[in-house]
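Next up, run.tsv (TSV, C-alpha atoms and all ligand atoms):
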chain	number	residue	atom	x	y	z
A	1	MET	CA	0.00	0.00	0.00
A	2	PRO	CA	2.45	2.66	-1.14
A	3	ASN	CA	0.02	5.60	-0.94
A	4	CYS	CA	-0.74	4.95	2.65
A	5	LEU	CA	2.93	4.91	3.56
A	6	GLN	CA	3.81	7.97	1.55
A	7	GLN	CA	1.05	9.92	3.22
A	8	ASN	CA	1.29	8.44	6.68
A	9	GLN	CA	3.80	10.32	8.78
A	10	ASP	CA	2.92	8.39	11.94
A	11	ARG	CA	6.25	6.94	13.14
A	12	ALA	CA	4.59	4.21	15.20
A	13	TYR	CA	2.75	3.07	12.07
A	14	TRP	CA	6.02	2.87	10.14
A	15	ARG	CA	7.63	0.88	12.92
A	16	LYS	CA	5.04	-1.89	12.48
A	17	CYS	CA	5.64	-2.21	8.73
A	18	THR	CA	7.53	-4.79	6.76
A	19	LEU	CA	9.26	-2.52	4.26
A	20	SER	CA	11.09	-3.24	1.05
A	21	ARG	CA	12.03	-1.31	-2.08
A	22	THR	CA	11.07	-2.01	-5.67
A	23	ARG	CA	13.75	-2.02	-8.37
A	24	GLY	CA	12.65	1.52	-9.16
A	25	GLY	CA	13.44	2.48	-5.58
A	26	ARG	CA	9.83	2.94	-4.43
A	27	GLN	CA	9.29	1.94	-0.83
A	28	LEU	CA	6.49	-0.60	-0.39
A	29	SER	CA	5.00	-2.38	2.56
A	30	LEU	CA	2.85	-5.39	3.30
A	31	ARG	CA	-0.20	-4.08	5.14
A	32	PRO	CA	0.31	-4.09	8.92
A	33	GLU	CA	-3.41	-3.57	9.75
A	34	LEU	CA	-6.75	-3.00	8.03
A	35	THR	CA	-8.11	0.37	9.18
A	36	ALA	CA	-6.00	2.49	6.81
A	37	PRO	CA	-6.86	0.41	3.71
A	38	ILE	CA	-10.57	0.47	4.65
A	39	ILE	CA	-10.55	4.26	5.00
A	40	ARG	CA	-8.84	4.60	1.63
A	41	PHE	CA	-11.53	2.34	0.12
A	42	TYR	CA	-14.21	4.46	1.82
A	43	LEU	CA	-12.73	7.62	0.27
A	44	SER	CA	-12.40	6.14	-3.21
A	45	ASP	CA	-15.70	4.24	-3.43
A	46	LEU	CA	-18.09	4.63	-0.51
A	47	SER	CA	-18.17	8.25	0.57
A	48	ASN	CA	-21.57	8.92	-1.06
A	49	TYR	CA	-23.36	6.12	0.76
A	50	PRO	CA	-25.83	7.01	3.53
A	51	MET	CA	-24.19	7.27	6.95
A	52	PRO	CA	-23.35	5.52	9.11
A	53	LEU	CA	-21.41	2.94	7.13
A	54	LYS	CA	-20.71	-0.31	8.92
A	55	LEU	CA	-17.92	-2.30	7.32
A	56	PHE	CA	-16.07	-5.45	8.25
A	57	CYS	CA	-13.28	-7.44	6.71
A	58	ILE	CA	-11.13	-10.45	7.55
A	59	SER	CA	-7.68	-10.50	6.09
A	60	ASN	CA	-4.03	-11.30	6.68
A	61	CYS	CA	-1.68	-8.63	8.05
A	62	PHE	CA	2.10	-8.56	8.29
A	63	ARG	CA	4.34	-7.06	10.95
A	64	TYR	CA	8.04	-7.14	11.55
A	65	GLU	CA	7.83	-8.80	14.99
A	66	GLU	CA	9.92	-11.16	17.07
A	67	PRO	CA	7.80	-14.30	16.52
A	68	GLN	CA	6.61	-16.12	19.67
A	69	SER	CA	3.46	-17.87	20.87
A	70	GLY	CA	0.51	-15.67	19.81
A	71	ARG	CA	2.75	-13.11	18.04
A	72	TYR	CA	3.48	-13.76	14.39
A	73	ARG	CA	4.86	-11.98	11.34
A	74	GLU	CA	1.73	-12.96	9.41
A	75	PHE	CA	-1.59	-13.15	11.22
A	76	TYR	CA	-5.29	-12.60	10.55
A	77	GLN	CA	-7.44	-9.75	11.76
A	78	TYR	CA	-11.22	-9.45	11.90
A	79	ASP	CA	-11.78	-5.74	11.52
A	80	VAL	CA	-14.97	-3.72	12.00
A	81	GLU	CA	-15.38	-0.01	11.25
A	82	ILE	CA	-18.29	2.40	11.80
A	83	ILE	CA	-17.89	5.52	9.68
A	84	GLY	CA	-19.92	8.70	9.94
A	85	SER	CA	-21.15	8.85	13.54
A	86	GLU	CA	-19.62	10.79	16.43
A	87	ALA	CA	-22.32	9.74	18.88
A	88	PRO	CA	-21.30	7.67	21.91
A	89	GLU	CA	-23.76	5.02	20.69
A	90	SER	CA	-21.32	4.12	17.88
A	91	ASP	CA	-18.47	3.32	20.30
A	92	ALA	CA	-20.95	1.50	22.53
A	93	GLU	CA	-22.09	-0.50	19.48
A	94	LEU	CA	-18.51	-1.79	19.05
A	95	LEU	CA	-18.28	-2.78	22.71
A	96	LEU	CA	-21.61	-4.63	22.45
A	97	LEU	CA	-20.48	-6.46	19.33
A	98	ALA	CA	-17.13	-7.37	20.90
A	99	GLY	CA	-18.82	-8.61	24.09
A	100	ASP	CA	-21.34	-10.64	22.13
A	101	LEU	CA	-18.66	-12.19	19.93
A	102	CYS	CA	-16.55	-13.22	22.94
A	103	ARG	CA	-19.60	-14.66	24.70
A	104	ARG	CA	-20.57	-16.71	21.65
A	105	LEU	CA	-17.04	-18.07	21.38
A	106	GLY	CA	-17.19	-19.16	25.03
A	107	LEU	CA	-14.60	-16.57	26.17
A	108	THR	CA	-16.43	-15.56	29.31
A	109	GLU	CA	-13.41	-14.25	31.23
A	110	VAL	CA	-12.43	-11.46	28.81
A	111	ARG	CA	-11.59	-8.05	30.29
A	112	PHE	CA	-12.17	-4.77	28.47
A	113	ARG	CA	-9.73	-1.98	29.36
A	114	ILE	CA	-11.24	1.30	28.21
A	115	GLY	CA	-9.75	4.78	28.11
A	116	HIS	CA	-10.08	8.06	26.22
A	117	VAL	CA	-7.00	9.75	24.79
A	118	GLY	CA	-8.80	13.12	24.98
A	119	ILE	CA	-8.61	13.16	28.79
A	120	VAL	CA	-4.81	13.30	28.97
A	121	ARG	CA	-4.44	15.25	25.73
A	122	SER	CA	-6.67	18.06	27.07
A	123	LEU	CA	-4.30	18.46	30.06
A	124	LEU	CA	-1.29	18.49	27.74
A	125	ASP	CA	-3.09	21.01	25.48
A	126	ALA	CA	-3.58	23.26	28.52
A	127	LEU	CA	0.19	23.13	29.11
A	128	GLY	CA	0.70	24.36	25.54
A	129	MET	CA	2.35	21.11	24.45
A	130	GLY	CA	2.23	20.54	20.67
A	131	LYS	CA	0.59	17.46	19.12
A	132	ALA	CA	3.89	15.85	18.11
A	133	GLU	CA	5.26	16.03	21.66
A	134	GLN	CA	1.93	14.79	23.04
A	135	SER	CA	2.26	11.75	20.77
A	136	GLN	CA	5.79	11.12	22.04
A	137	PHE	CA	4.49	11.26	25.61
A	138	LEU	CA	1.52	8.98	24.86
A	139	HIS	CA	3.82	6.52	23.16
A	140	LEU	CA	5.74	6.13	26.44
A	141	VAL	CA	2.46	5.65	28.31
A	142	ASP	CA	1.38	3.04	25.74
A	143	LYS	CA	4.62	1.12	26.39
A	144	LYS	CA	3.98	1.45	30.17
A	145	LYS	CA	7.25	3.41	30.57
A	146	MET	CA	5.81	5.62	33.30
A	147	GLU	CA	9.11	6.77	34.80
A	148	GLU	CA	10.34	7.85	31.38
A	149	ALA	CA	6.99	9.56	30.80
A	150	ALA	CA	7.38	11.52	34.07
A	151	ARG	CA	10.95	12.47	33.09
A	152	PHE	CA	9.67	13.61	29.68
A	153	LEU	CA	7.28	16.03	31.42
A	154	GLY	CA	9.99	17.22	33.83
A	155	GLU	CA	12.32	17.98	30.93
A	156	ARG	CA	9.60	20.22	29.50
A	157	LYS	CA	9.36	22.23	32.72
A	158	VAL	CA	6.00	20.76	33.77
A	159	THR	CA	5.67	21.32	37.53
A	160	ALA	CA	5.99	18.28	39.80
A	161	GLU	CA	2.39	18.75	40.90
A	162	LYS	CA	1.02	18.85	37.35
A	163	SER	CA	3.23	15.96	36.30
A	164	ALA	CA	1.94	13.86	39.23
A	165	GLU	CA	-1.64	14.69	38.21
A	166	ILE	CA	-1.05	13.61	34.59
A	167	ILE	CA	0.88	10.45	35.45
A	168	GLY	CA	-1.78	9.66	38.10
A	169	LEU	CA	-4.47	9.88	35.39
A	170	CYS	CA	-2.45	7.62	33.10
A	171	ARG	CA	-2.36	5.04	35.91
A	172	LEU	CA	-6.07	5.36	36.72
A	173	LYS	CA	-7.97	2.06	36.68
A	174	GLY	CA	-11.24	0.85	38.14
A	175	ASP	CA	-14.95	0.64	37.51
A	176	SER	CA	-16.83	3.62	36.07
A	177	SER	CA	-16.74	5.38	39.46
A	178	ALA	CA	-12.96	5.81	38.90
A	179	LEU	CA	-13.97	8.68	36.62
A	180	ASP	CA	-15.81	10.53	39.41
A	181	GLY	CA	-14.53	14.06	39.69
A	182	ILE	CA	-12.83	14.11	36.26
A	183	LYS	CA	-14.21	17.03	34.31
A	184	GLY	CA	-14.34	17.71	30.58
A	185	THR	CA	-16.10	16.50	27.46
A	186	ALA	CA	-13.79	13.49	26.99
A	187	ALA	CA	-14.56	12.12	30.47
A	188	ASP	CA	-18.29	12.80	29.97
A	189	TYR	CA	-18.18	10.93	26.65
A	190	LEU	CA	-16.44	7.96	28.23
A	191	ARG	CA	-18.97	7.88	31.10
A	192	GLU	CA	-21.82	7.89	28.59
A	193	VAL	CA	-20.40	5.03	26.49
A	194	LEU	CA	-19.81	2.92	29.61
A	195	ALA	CA	-23.34	3.58	30.84
A	196	ILE	CA	-24.86	2.57	27.48
A	197	ALA	CA	-22.74	-0.60	27.17
A	198	GLU	CA	-23.30	-1.60	30.83
A	199	GLY	CA	-27.02	-0.93	30.50
A	200	ALA	CA	-27.13	-3.25	27.47
A	201	GLY	CA	-25.46	-6.05	29.45
A	202	THR	CA	-21.76	-5.85	28.47
A	203	VAL	CA	-19.70	-7.34	31.31
A	204	GLY	CA	-15.99	-7.30	32.17
A	205	MET	CA	-15.45	-3.58	31.46
A	206	GLN	CA	-12.84	-1.60	33.35
A	207	VAL	CA	-11.72	2.02	33.01
A	208	ASP	CA	-7.98	2.19	32.26
A	209	LEU	CA	-6.72	5.60	31.21
A	210	GLY	CA	-3.28	4.08	30.54
A	211	VAL	CA	-4.76	2.59	27.35
A	212	VAL	CA	-3.85	5.14	24.70
A	213	ARG	CA	-3.07	2.83	21.74
A	214	GLY	CA	0.20	3.20	19.90
A	215	LEU	CA	-0.89	5.07	16.81
A	216	ASP	CA	-1.33	8.82	16.39
A	217	TYR	CA	-4.61	8.56	14.53
A	218	TYR	CA	-6.64	7.65	17.65
A	219	THR	CA	-8.53	10.69	18.86
A	220	GLY	CA	-11.16	9.60	21.37
A	221	LEU	CA	-12.34	6.51	23.17
A	222	VAL	CA	-9.85	3.64	22.96
A	223	PHE	CA	-10.03	0.10	24.26
A	224	GLU	CA	-8.24	-3.22	24.41
A	225	ILE	CA	-9.68	-6.63	25.26
A	226	ASP	CA	-7.66	-9.31	27.04
A	227	ALA	CA	-8.33	-13.04	27.24
A	228	PRO	CA	-6.55	-14.14	30.45
A	229	GLU	CA	-6.25	-17.71	29.08
A	230	LEU	CA	-3.50	-16.46	26.75
A	231	GLY	CA	-0.89	-15.40	29.32
A	232	ALA	CA	1.70	-12.92	27.96
A	233	GLU	CA	0.16	-12.18	24.54
A	234	LYS	CA	-3.35	-11.90	25.92
A	235	GLN	CA	-4.74	-8.98	23.94
A	236	VAL	CA	-7.33	-10.33	21.50
A	237	CYS	CA	-8.75	-7.00	20.31
A	238	GLY	CA	-7.90	-3.32	20.10
A	239	GLY	CA	-9.93	-0.39	18.88
A	240	GLY	CA	-11.16	3.13	19.26
A	241	SER	CA	-12.22	6.27	17.42
A	242	TYR	CA	-9.80	7.91	15.05
A	243	ALA	CA	-9.23	10.55	12.38
A	244	LEU	CA	-7.61	9.14	9.26
A	245	SER	CA	-9.52	10.39	6.22
A	246	GLN	CA	-7.74	13.77	6.15
A	247	LEU	CA	-4.40	11.96	5.99
A	248	PHE	CA	-5.53	10.50	2.65
A	249	GLY	CA	-6.81	13.82	1.31
A	250	GLY	CA	-10.46	13.34	2.28
A	251	ARG	CA	-12.82	15.49	4.33
A	252	PRO	CA	-12.82	14.79	8.08
A	253	VAL	CA	-15.29	12.07	8.98
A	254	PRO	CA	-15.86	10.67	12.47
A	255	SER	CA	-15.01	6.98	12.60
A	256	THR	CA	-14.48	4.25	15.11
A	257	GLY	CA	-13.36	0.66	14.73
A	258	MET	CA	-11.78	-2.40	16.25
A	259	ALA	CA	-9.73	-5.38	15.16
A	260	PHE	CA	-9.75	-8.85	16.70
A	261	GLY	CA	-6.65	-10.99	16.25
A	262	PHE	CA	-8.09	-14.13	14.70
A	263	ASP	CA	-5.18	-16.41	15.58
A	264	ARG	CA	-5.30	-15.33	19.22
A	265	LEU	CA	-9.07	-15.85	19.37
A	266	LEU	CA	-8.59	-19.43	18.21
A	267	LEU	CA	-5.77	-19.96	20.74
A	268	ALA	CA	-7.94	-18.54	23.53
A	269	MET	CA	-10.85	-20.78	22.52
A	270	GLU	CA	-8.54	-23.80	22.59
A	271	ARG	CA	-7.20	-22.87	26.06
A	272	ALA	CA	-10.73	-22.25	27.32
A	273	GLY	CA	-11.66	-25.75	26.12
A	274	ASN	CA	-13.91	-24.41	23.37
A	275	ALA	CA	-11.85	-25.26	20.29
A	276	PRO	CA	-14.15	-25.41	17.28
A	277	ALA	CA	-15.13	-29.04	16.71
A	278	GLU	CA	-13.98	-30.59	13.48
A	279	GLU	CA	-16.99	-30.26	11.20
A	280	GLY	CA	-18.58	-33.51	10.09
A	281	ILE	CA	-21.13	-33.75	7.30
A	282	ASP	CA	-24.86	-34.30	7.54
A	283	ALA	CA	-25.36	-36.80	4.75
A	284	PHE	CA	-23.31	-39.06	2.49
A	285	VAL	CA	-25.09	-40.35	-0.63
A	286	LEU	CA	-24.01	-43.61	-2.22
A	287	THR	CA	-25.27	-46.24	-4.58
A	288	PRO	CA	-24.37	-49.91	-5.02
A	289	SER	CA	-25.59	-49.72	-8.62
A	290	ALA	CA	-23.52	-48.64	-11.65
A	291	THR	CA	-26.72	-47.46	-13.41
A	292	LEU	CA	-27.86	-45.18	-10.58
A	293	ARG	CA	-24.86	-42.85	-10.29
A	294	GLN	CA	-26.69	-39.99	-12.00
A	295	GLU	CA	-29.61	-40.44	-9.61
A	296	MET	CA	-27.14	-40.48	-6.66
A	297	VAL	CA	-25.71	-37.12	-7.74
A	298	ARG	CA	-29.23	-35.69	-8.33
A	299	ILE	CA	-30.30	-36.69	-4.80
A	300	ALA	CA	-27.10	-35.17	-3.34
A	301	GLY	CA	-27.83	-31.93	-5.24
A	302	LYS	CA	-31.35	-31.79	-3.78
A	303	LEU	CA	-30.01	-32.27	-0.26
A	304	ARG	CA	-27.34	-29.58	-0.76
A	305	SER	CA	-29.87	-27.08	-2.15
A	306	SER	CA	-31.93	-27.49	1.00
A	307	GLY	CA	-28.91	-26.58	3.14
A	308	ILE	CA	-27.99	-30.13	4.25
A	309	ARG	CA	-24.19	-30.56	4.21
A	310	THR	CA	-23.82	-33.41	1.77
A	311	GLU	CA	-21.16	-35.37	-0.04
A	312	PHE	CA	-21.53	-38.26	-2.47
A	313	ASP	CA	-19.34	-41.20	-3.48
A	314	LEU	CA	-16.58	-40.18	-5.92
A	315	MET	CA	-14.60	-43.42	-5.68
A	316	ARG	CA	-17.18	-45.89	-7.02
A	317	ARG	CA	-16.67	-47.95	-3.86
A	318	ASN	CA	-18.91	-50.86	-2.92
A	319	MET	CA	-21.59	-50.40	-0.24
A	320	SER	CA	-19.65	-51.51	2.78
A	321	LYS	CA	-16.54	-49.51	1.88
A	322	SER	CA	-18.68	-46.45	1.12
A	323	LEU	CA	-20.41	-46.75	4.48
A	324	LYS	CA	-17.07	-47.08	6.21
A	325	TYR	CA	-15.86	-43.92	4.47
A	326	ALA	CA	-19.10	-42.07	5.39
A	327	SER	CA	-18.49	-43.02	8.99
A	328	SER	CA	-14.87	-41.79	8.86
A	329	ARG	CA	-16.18	-38.43	7.57
A	330	GLY	CA	-18.49	-38.16	10.58
A	331	ALA	CA	-21.65	-38.30	8.44
A	332	THR	CA	-24.83	-38.35	10.52
A	333	LEU	CA	-26.82	-40.06	7.77
A	334	ALA	CA	-26.08	-42.20	4.74
A	335	VAL	CA	-28.56	-41.98	1.87
A	336	ILE	CA	-28.49	-45.18	-0.16
A	337	VAL	CA	-29.84	-45.14	-3.69
A	338	GLY	CA	-30.56	-48.86	-4.24
A	339	ASP	CA	-31.96	-50.58	-7.37
A	340	LYS	CA	-35.22	-51.85	-5.91
A	341	GLU	CA	-35.99	-48.64	-4.05
A	342	ALA	CA	-35.15	-46.42	-7.03
A	343	ALA	CA	-37.51	-48.43	-9.25
A	344	ASN	CA	-40.31	-47.35	-6.87
A	345	GLY	CA	-39.19	-43.72	-6.40
A	346	LEU	CA	-37.66	-44.49	-2.98
A	347	VAL	CA	-34.28	-44.19	-1.21
A	348	THR	CA	-32.96	-45.58	2.08
A	349	ILE	CA	-31.80	-43.30	4.90
A	350	ARG	CA	-29.43	-44.92	7.38
A	351	ASP	CA	-28.72	-43.43	10.79
A	352	MET	CA	-24.95	-43.90	11.00
A	353	GLN	CA	-24.94	-43.97	14.79
A	354	SER	CA	-27.70	-46.50	15.48
A	355	GLY	CA	-27.62	-48.38	12.16
A	356	GLU	CA	-31.42	-47.97	11.85
A	357	GLN	CA	-32.66	-47.72	8.25
A	358	PHE	CA	-35.79	-46.08	6.81
A	359	THR	CA	-37.16	-46.30	3.28
A	360	VAL	CA	-38.56	-42.93	2.22
A	361	SER	CA	-39.84	-41.22	-0.94
A	362	ALA	CA	-36.94	-39.87	-3.04
A	363	GLU	CA	-38.89	-36.68	-3.64
A	364	ARG	CA	-39.23	-36.06	0.10
A	365	VAL	CA	-35.63	-37.00	0.92
A	366	CYS	CA	-34.77	-33.49	2.20
A	367	GLU	CA	-37.66	-33.33	4.69
A	368	GLU	CA	-37.07	-36.94	5.79
A	369	ALA	CA	-33.32	-36.36	6.26
A	370	ARG	CA	-33.86	-33.12	8.15
A	371	GLU	CA	-36.18	-34.88	10.60
A	372	ARG	CA	-33.37	-37.25	11.45
A	373	LEU	CA	-30.66	-34.59	11.87
A	374	PRO	CA	-29.96	-32.84	15.19
A	375	LYS	CA	-31.84	-29.53	15.45
A	376	PRO	CA	-29.53	-26.53	14.79
A	377	LYS	CA	-28.43	-24.69	17.95
A	378	VAL	CA	-29.73	-21.11	18.18
B	1	LIG	P1	-3.69	-3.79	16.59
B	1	LIG	O1	-3.96	-3.51	15.12
B	1	LIG	O2	-2.25	-3.69	16.96
B	1	LIG	O3	-4.64	-3.07	17.48
B	1	LIG	O4	-4.03	-5.34	16.78
B	1	LIG	C1	-5.34	-5.83	16.87
B	1	LIG	C2	-5.28	-7.26	17.31
B	1	LIG	O5	-4.54	-8.04	16.35
B	1	LIG	C3	-4.50	-7.47	18.60
B	1	LIG	O6	-5.35	-7.26	19.71
B	1	LIG	C4	-4.03	-8.89	18.49
B	1	LIG	O7	-5.05	-9.77	18.91
B	1	LIG	C5	-3.83	-9.07	17.01
B	1	LIG	N1	-2.39	-8.96	16.68
B	1	LIG	C6	-1.64	-7.83	16.55
B	1	LIG	N2	-0.39	-8.14	16.21
B	1	LIG	C7	-0.32	-9.48	16.13
B	1	LIG	C8	0.74	-10.42	15.81
B	1	LIG	N3	1.97	-10.02	15.49
B	1	LIG	N4	0.44	-11.75	15.83
B	1	LIG	C9	-0.80	-12.17	16.14
B	1	LIG	N5	-1.82	-11.35	16.43
B	1	LIG	C10	-1.60	-10.02	16.43

Rewrite the coordinates I just gave you, this time as structure tokens.
Amino acid sequence: MPNCLQQNQDRAYWRKCTLSRTRGGRQLSLRPELTAPIIRFYLSDLSNYPMPLKLFCISNCFRYEEPQSGRYREFYQYDVEIIGSEAPESDAELLLLAGDLCRRLGLTEVRFRIGHVGIVRSLLDALGMGKAEQSQFLHLVDKKKMEEAARFLGERKVTAEKSAEIIGLCRLKGDSSALDGIKGTAADYLREVLAIAEGAGTVGMQVDLGVVRGLDYYTGLVFEIDAPELGAEKQVCGGGSYALSQLFGGRPVPSTGMAFGFDRLLLAMERAGNAPAEEGIDAFVLTPSATLRQEMVRIAGKLRSSGIRTEFDLMRRNMSKSLKYASSRGATLAVIVGDKEAANGLVTIRDMQSGEQFTVSAERVCEEARERLPKPKV
């Protein structure tokens, strides 16, 4: 994504990238994340759509990291963006979606750490500190280098009292009452988002003003989600509201988004004992008769069109070998297209677990099979 790099002056962004040069000397990178490409796509193709726009994408990302468990040079992100709304409901919507997703994956112990970069930035603004220096300071906070952060303020002649107040805020953690007494629009916004998300049943949320996210483009509410099952690399999601469209030459547009690390979600599910089960199939269709192969494929097609996960014999095996294969594939049912049955418009459905067999009308095979399959979980 050369354009993004040329236009993106954010040093932390560059640090993530895997850079190389073309023969012509242009500097290129493999994409390190998905928000910037999505915003460029929004600007080129979607900016006339009614707002808000809700977009998602799942893709591979590349970072120049020291590989270790849960930290890779190539990994997958599930990214969600809401573009066009600056209401607290849009940040709350992300928290609800994230909470729901974790719950459905069986990750019940996840912890949300939620902050707002505006709270600390407004204090730094009041000291007359420029945006670039603020970013340097926030970068230290992001890396949890609090002593260095305090030194950074001291070197800029910030009084000890003021410095203690700012560093104290960066260390602030707790439930929503931790925000009591903090004034300003950023704190009010954060309180409102927490109240909406809590009211709608999101659990595991904690205020943590030390969460500032590494990149300069974050402007407002920011959050990270940890799955304690993962140990050191426990962060499964990061997000927040940001301003990026101007960087790519567009008009300012409020936007908020989050990205789950797919690989880490799978690891966390495994550690929580919820690894996705290997998918079996619902039905395996076979025939002992050389003249009924077309009919076998027709029946399989009918089952597939009705949403039943179906395979049919491709090996021209005999009945017993076909049934053995169906069983090795975890098929719930075998559908046998036999000579005698076919002559009368019938097929046989075999329950692979119990061995019970039923002769049913070939035209009603979908309904008959569905009755014998486990009901889908809702
Ligand atoms: P970020 O874009 O840095 O906010 O990352 C979003 C999510 O992607 C993180 O919370 C991680 O779950 C995941 N992630 C980031 N970097 C890596 C990596 N090198 N390997 C695996 N997952 C990662």

From A:Gly257, A:Gly168, A:Pro374, A:Gly199, residue lying nearest Leu55 (chain A) [only C-alpha atoms]: A:Gly257

Residues within 12 Å of region 344-352 of chain A, please, as a ChimeraX atom specification. Count only C-alpha atoms; anything in the same chain fewer than 6 positions from it doesn't count. /A:281-288,292,295-296,299-300,322-338,358-374

Could I get the residue neighbourhood of ligand LIG 1 (chain B) at 9 Å, counting only C-alpha atoms and all ligand atoms, as an mmCIF file with C-alpha atoms, in the coordinates of the input?
data_model
loop_
_atom_site.group_PDB
_atom_site.id
_atom_site.type_symbol
_atom_site.label_atom_id
_atom_site.label_comp_id
_atom_site.auth_asym_id
_atom_site.auth_seq_id
_atom_site.Cartn_x
_atom_site.Cartn_y
_atom_site.Cartn_z
ATOM 1 C CA LYS A 16 5.040 -1.890 12.480
ATOM 2 C CA PRO A 32 0.310 -4.090 8.920
ATOM 3 C CA GLU A 33 -3.410 -3.570 9.750
ATOM 4 C CA LEU A 34 -6.750 -3.000 8.030
ATOM 5 C CA THR A 35 -8.110 0.370 9.180
ATOM 6 C CA CYS A 61 -1.680 -8.630 8.050
ATOM 7 C CA PHE A 62 2.100 -8.560 8.290
ATOM 8 C CA ARG A 63 4.340 -7.060 10.950
ATOM 9 C CA TYR A 64 8.040 -7.140 11.550
ATOM 10 C CA GLU A 65 7.830 -8.800 14.990
ATOM 11 C CA GLU A 66 9.920 -11.160 17.070
ATOM 12 C CA PRO A 67 7.800 -14.300 16.520
ATOM 13 C CA GLN A 68 6.610 -16.120 19.670
ATOM 14 C CA SER A 69 3.460 -17.870 20.870
ATOM 15 C CA GLY A 70 0.510 -15.670 19.810
ATOM 16 C CA ARG A 71 2.750 -13.110 18.040
ATOM 17 C CA TYR A 72 3.480 -13.760 14.390
ATOM 18 C CA ARG A 73 4.860 -11.980 11.340
ATOM 19 C CA GLU A 74 1.730 -12.960 9.410
ATOM 20 C CA PHE A 75 -1.590 -13.150 11.220
ATOM 21 C CA TYR A 76 -5.290 -12.600 10.550
ATOM 22 C CA GLN A 77 -7.440 -9.750 11.760
ATOM 23 C CA TYR A 78 -11.220 -9.450 11.900
ATOM 24 C CA ASP A 79 -11.780 -5.740 11.520
ATOM 25 C CA ARG A 213 -3.070 2.830 21.740
ATOM 26 C CA GLY A 214 0.200 3.200 19.900
ATOM 27 C CA LEU A 215 -0.890 5.070 16.810
ATOM 28 C CA GLU A 224 -8.240 -3.220 24.410
ATOM 29 C CA ILE A 225 -9.680 -6.630 25.260
ATOM 30 C CA ASP A 226 -7.660 -9.310 27.040
ATOM 31 C CA GLU A 233 0.160 -12.180 24.540
ATOM 32 C CA LYS A 234 -3.350 -11.900 25.920
ATOM 33 C CA GLN A 235 -4.740 -8.980 23.940
ATOM 34 C CA VAL A 236 -7.330 -10.330 21.500
ATOM 35 C CA CYS A 237 -8.750 -7.000 20.310
ATOM 36 C CA GLY A 238 -7.900 -3.320 20.100
ATOM 37 C CA GLY A 239 -9.930 -0.390 18.880
ATOM 38 C CA MET A 258 -11.780 -2.400 16.250
ATOM 39 C CA ALA A 259 -9.730 -5.380 15.160
ATOM 40 C CA PHE A 260 -9.750 -8.850 16.700
ATOM 41 C CA GLY A 261 -6.650 -10.990 16.250
ATOM 42 C CA PHE A 262 -8.090 -14.130 14.700
ATOM 43 C CA ASP A 263 -5.180 -16.410 15.580
ATOM 44 C CA ARG A 264 -5.300 -15.330 19.220
ATOM 45 C CA LEU A 265 -9.070 -15.850 19.370
#

Applying 10 Å and only C-alpha atoms, which residues near Tyr42 (chain A) remain after dropping the ones on its own chain fewer than 6 positions away? List them as a VMD selection string. chain A and resid 36 48 to 49 53 55 83 245 250

Residues near Tyr242 (chain A), anyone? I mean within 6 Å using all atoms listed in the file, not counting same-chain ones fewer than 2 positions away, as a list in words.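 The residues satisfying every condition are Tyr217, Tyr218, Thr219, Ser255 and Thr256 of chain A.
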
Neighbours of His139 (chain A) within 12 Å (all atoms listed in the file; same-chain residues fewer than 6 positions away dropped), as a short mmCIF file (atom, residue, chain, number, x, y, z; two decimals) with C-alpha atoms, keeping the file's coordinate frame?
data_model
loop_
_atom_site.label_atom_id
_atom_site.label_comp_id
_atom_site.auth_asym_id
_atom_site.auth_seq_id
_atom_site.Cartn_x
_atom_site.Cartn_y
_atom_site.Cartn_z
CA ASP A 10 2.92 8.39 11.94
CA ARG A 11 6.25 6.94 13.14
CA ALA A 12 4.59 4.21 15.20
CA TYR A 13 2.75 3.07 12.07
CA VAL A 117 -7.00 9.75 24.79
CA ALA A 132 3.89 15.85 18.11
CA GLU A 133 5.26 16.03 21.66
CA LYS A 145 7.25 3.41 30.57
CA MET A 146 5.81 5.62 33.30
CA GLU A 148 10.34 7.85 31.38
CA ALA A 149 6.99 9.56 30.80
CA PHE A 152 9.67 13.61 29.68
CA CYS A 170 -2.45 7.62 33.10
CA GLY A 210 -3.28 4.08 30.54
CA VAL A 211 -4.76 2.59 27.35
CA VAL A 212 -3.85 5.14 24.70
CA ARG A 213 -3.07 2.83 21.74
CA GLY A 214 0.20 3.20 19.90
CA LEU A 215 -0.89 5.07 16.81
CA ASP A 216 -1.33 8.82 16.39
CA TYR A 218 -6.64 7.65 17.65
#

As an exercise, work out the distance from CA of Gly301 (chain A) to CA of Ala342 (chain A) in Å and give it to one decimal place. 16.3 Å

What is the distance between CA of Ser320 (chain A) and CA of Glu278 (chain A), in Å to one decimal?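 According to the coordinates, CA of Ser320 (chain A) and CA of Glu278 (chain A) are separated by 24.2 Å.
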
Residues near Ser163 (chain A), anyone? I mean within 12 Å using all atoms listed in the file, not counting same-chain ones fewer than 2 positions away, as a list in words.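 Listed by chain and then number, they are Val120, Leu123, Leu124, Leu127, Phe137, Met146, Glu147, Glu148, Ala149, Ala150, Arg151, Phe152, Leu153, Gly154, Glu155, Arg156, Lys157, Val158, Thr159, Ala160, Glu161, Glu165, Ile166, Ile167, Gly168, Leu169 and Cys170 of chain A.
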
Straight-line distance linking CA of Arg293 (chain A) with CA of Ile308 (chain A), stated in Å to one decimal: 19.6 Å

Residue among A:Leu105, A:Ala164, A:Gly307, A:Glu93 lying closest to Arg271 (chain A), counting all atoms listed in the file: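 Smallest separation from Arg271 (chain A) among the options: A:Leu105.
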